[in-house]
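Trainee: Once you've had a glance at the structure underneath, I'll fire off some questions.
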Amino acid sequence: MNPQDAQSSLDTIRRLQDRTRQEIVRGLFPLPYVLISALGLFAGFAAADLPDPWATAGTVFGFTLWAGVGIVYGHRASVRRKATAREAGIYMAMVVALLAVFGASRITAHFWLGLPSEGVVSQSVVAAAVTVAAYLAITPLVRRGIKATID
């Protein structure tokens with residue numbers, strides 16, 4: 001193999017790596033999956049104030065839907081790869097932020113709005129709605145963070 005062939009092969013590899021990175025970033029958090037995940041988050045968090053058997057069922061259903069969407073997306077993605085520790089850290093930070101938003105908004109709903117812990121419009125329903133709005137707002141930030149770790 002002469003040096004020109006070797007250089008040509010390296011250029012092709014770099015070009016294909018860039019294309020792979022662009023495909024990974026392009027496919028992060030597609031809108032249908034984000035909306036279904038948001039529905040799962042809402043169901044999981046809003047179920048906290050339901051009576052006991054329904055609270056467990058709603059929470060399990062909601063968070064299973066949220067996690068299941070991510071698993072299905074991972075299997076359907078055109079480019080598959082293992083997540084790095086930095087990416088896992090970004091996802092964990094997102095989960096911690098969502099839990100903090102839920103807790104803070106539930107406390108706010110109780111003390112500031114005076115909502116009861118039971119009923120159609122309860123503390124958990126309001127807090128779940130605020131958390132879903134936060135999830136939809138931070139999704140582009142998470143996408144940018146993961147893009148930064150891939151590049």
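FYI, nothing fancy with the structure tokens labels: chains A, B, ... in order, residues from 1 per chain, ligands from 1 as they appear.
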Select from range 73-94 of chain A every residue with an atom at most 10 Å from any atom of range 62-69 of chain A, then for each give the shortest pair of atoms and their distance in Å to one decimal, using only C-alpha atoms, rows by chain and rising number, as JSON lines.

Mentor:
{"residue": "A:Tyr73", "atom": "CA", "partner": "A:Val69", "partner_atom": "CA", "distance": 6.0}
{"residue": "A:Gly74", "atom": "CA", "partner": "A:Val69", "partner_atom": "CA", "distance": 8.5}
{"residue": "A:His75", "atom": "CA", "partner": "A:Val69", "partner_atom": "CA", "distance": 10.0}

Trainee: One number please: CA of Arg14 in chain A to CA of Ala77 in chain A, in Å, one decimal.

Mentor: 21.4 Å

Trainee: What are the closest atom pairs, with distances in Å to one decimal, for each residue of range 14-124 of chain A lying within 8 Å of range 139-148 of chain A, using only C-alpha atoms, rows by chain and rising residue number, as JSON lines?

Mentor:
{"residue": "A:Val25", "atom": "CA", "partner": "A:Lys147", "partner_atom": "CA", "distance": 5.9}
{"residue": "A:Leu28", "atom": "CA", "partner": "A:Arg143", "partner_atom": "CA", "distance": 6.4}
{"residue": "A:Phe29", "atom": "CA", "partner": "A:Arg143", "partner_atom": "CA", "distance": 7.1}
{"residue": "A:Glu87", "atom": "CA", "partner": "A:Ile146", "partner_atom": "CA", "distance": 5.9}
{"residue": "A:Ile90", "atom": "CA", "partner": "A:Val142", "partner_atom": "CA", "distance": 6.9}
{"residue": "A:Tyr91", "atom": "CA", "partner": "A:Val142", "partner_atom": "CA", "distance": 7.6}
{"residue": "A:Met94", "atom": "CA", "partner": "A:Val142", "partner_atom": "CA", "distance": 7.4}

Trainee: Write the selection just made, keeping C-alpha atoms, as a PDB file, in the first residue's frame?

Mentor:
ATOM      1  CA  VAL A  25     -27.075  13.779  16.889  1.00  0.00           C
ATOM      2  CA  LEU A  28     -31.485  12.354  19.485  1.00  0.00           C
ATOM      3  CA  PHE A  29     -34.859  12.931  21.103  1.00  0.00           C
ATOM      4  CA  GLU A  87     -23.624  10.784  28.513  1.00  0.00           C
ATOM      5  CA  ILE A  90     -26.074  13.968  31.514  1.00  0.00           C
ATOM      6  CA  TYR A  91     -29.060  11.608  31.651  1.00  0.00           C
ATOM      7  CA  MET A  94     -31.739  15.284  33.790  1.00  0.00           C
TER       8      MET A  94
END

Trainee: Can you list, as a VMD selection string, every protein, DNA or RNA residue that comes within 12 Å of range 96-113 of chain A when you count only C-alpha atoms, leaving out same-chain residues fewer than 2 positions away?

Mentor: chain A and resid 38 41 to 42 44 to 46 48 to 49 89 to 94 115 to 118 121 to 139 142

Trainee: Find the residues around Gly27 in chain A up to 12 Å (only C-alpha atoms counted), leave out those fewer than 3 positions away in its own chain, and share them as a PyMOL selection string.

Mentor: chain A and resi 20-24+30-34+73-74+76-80+143+146-147

Trainee: Quote the spacing between CA of Thr56 in chain A and CA of Gly40 in chain A in Å to one decimal place.

Mentor: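 Atom-to-atom, CA of Thr56 in chain A and CA of Gly40 in chain A are spaced 13.8 Å apart.
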
Trainee: Tell me which of A:Gln17, A:Gly70, A:Trp54, A:Gln7 sits closest to Ile36 in chain A, counting only C-alpha atoms.

Mentor: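 Nearest to Ile36 in chain A: A:Gly70.
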
Trainee: Check range 61-147 of chain A with DSSP on the backbone and list each residue it calls helix (DSSP H, G or I), as an MDAnalysis selection string.

Mentor: chainID A and resid 61:76 85:111 123:147

Trainee: Can you write out the residues you just picked, keeping C-alpha atoms, as a short mmCIF file (atom, residue, chain, number, x, y, z; two decimals), in the first residue's frame?

Mentor:
data_model
loop_
_atom_site.label_atom_id
_atom_site.label_comp_id
_atom_site.auth_asym_id
_atom_site.auth_seq_id
_atom_site.Cartn_x
_atom_site.Cartn_y
_atom_site.Cartn_z
CA PHE A 61 -47.24 2.44 34.15
CA GLY A 62 -45.97 6.00 33.74
CA PHE A 63 -42.32 5.38 34.47
CA THR A 64 -42.32 2.12 32.49
CA LEU A 65 -43.70 4.05 29.52
CA TRP A 66 -41.05 6.75 29.98
CA ALA A 67 -38.19 4.25 30.19
CA GLY A 68 -39.70 1.96 27.56
CA VAL A 69 -39.79 4.73 24.99
CA GLY A 70 -36.06 5.24 25.48
CA ILE A 71 -35.40 1.52 25.09
CA VAL A 72 -37.53 1.25 21.95
CA TYR A 73 -35.85 4.33 20.52
CA GLY A 74 -32.43 2.81 21.23
CA HIS A 75 -33.34 -0.34 19.34
CA ARG A 76 -34.83 1.52 16.39
CA ALA A 85 -19.94 7.81 31.22
CA ARG A 86 -20.38 11.50 30.37
CA GLU A 87 -23.62 10.78 28.51
CA ALA A 88 -24.89 8.69 31.42
CA GLY A 89 -24.03 11.62 33.69
CA ILE A 90 -26.07 13.97 31.51
CA TYR A 91 -29.06 11.61 31.65
CA MET A 92 -28.71 11.25 35.42
CA ALA A 93 -28.53 15.02 35.81
CA MET A 94 -31.74 15.28 33.79
CA VAL A 95 -33.48 12.79 36.08
CA VAL A 96 -32.27 14.59 39.21
CA ALA A 97 -33.41 17.94 37.77
CA LEU A 98 -36.86 16.54 36.97
CA LEU A 99 -37.22 15.11 40.47
CA ALA A 100 -36.18 18.45 41.95
CA VAL A 101 -38.70 20.30 39.77
CA PHE A 102 -41.43 17.86 40.82
CA GLY A 103 -40.62 18.24 44.51
CA ALA A 104 -40.37 22.02 44.38
CA SER A 105 -43.54 22.43 42.35
CA ARG A 106 -45.45 20.07 44.63
CA ILE A 107 -44.38 22.05 47.68
CA THR A 108 -45.32 25.26 45.89
CA ALA A 109 -48.72 23.84 44.96
CA HIS A 110 -49.34 22.96 48.59
CA PHE A 111 -48.18 26.12 50.34
CA GLN A 123 -50.66 18.84 44.21
CA SER A 124 -49.26 15.95 42.19
CA VAL A 125 -51.24 16.78 39.05
CA VAL A 126 -50.02 20.39 39.08
CA ALA A 127 -46.46 19.30 39.91
CA ALA A 128 -46.57 16.66 37.16
CA ALA A 129 -47.69 19.25 34.62
CA VAL A 130 -44.88 21.60 35.66
CA THR A 131 -42.37 18.72 35.50
CA VAL A 132 -43.50 17.73 32.01
CA ALA A 133 -43.15 21.35 30.89
CA ALA A 134 -39.63 21.38 32.36
CA TYR A 135 -38.84 18.09 30.59
CA LEU A 136 -39.94 19.53 27.27
CA ALA A 137 -37.91 22.68 27.95
CA ILE A 138 -34.66 20.93 28.92
CA THR A 139 -34.77 18.30 26.17
CA PRO A 140 -32.94 20.58 23.69
CA LEU A 141 -30.32 21.32 26.37
CA VAL A 142 -29.78 17.62 27.00
CA ARG A 143 -29.52 17.06 23.28
CA ARG A 144 -26.83 19.77 23.00
CA GLY A 145 -24.95 18.31 25.95
CA ILE A 146 -24.90 14.86 24.44
CA LYS A 147 -23.88 16.34 21.08
#
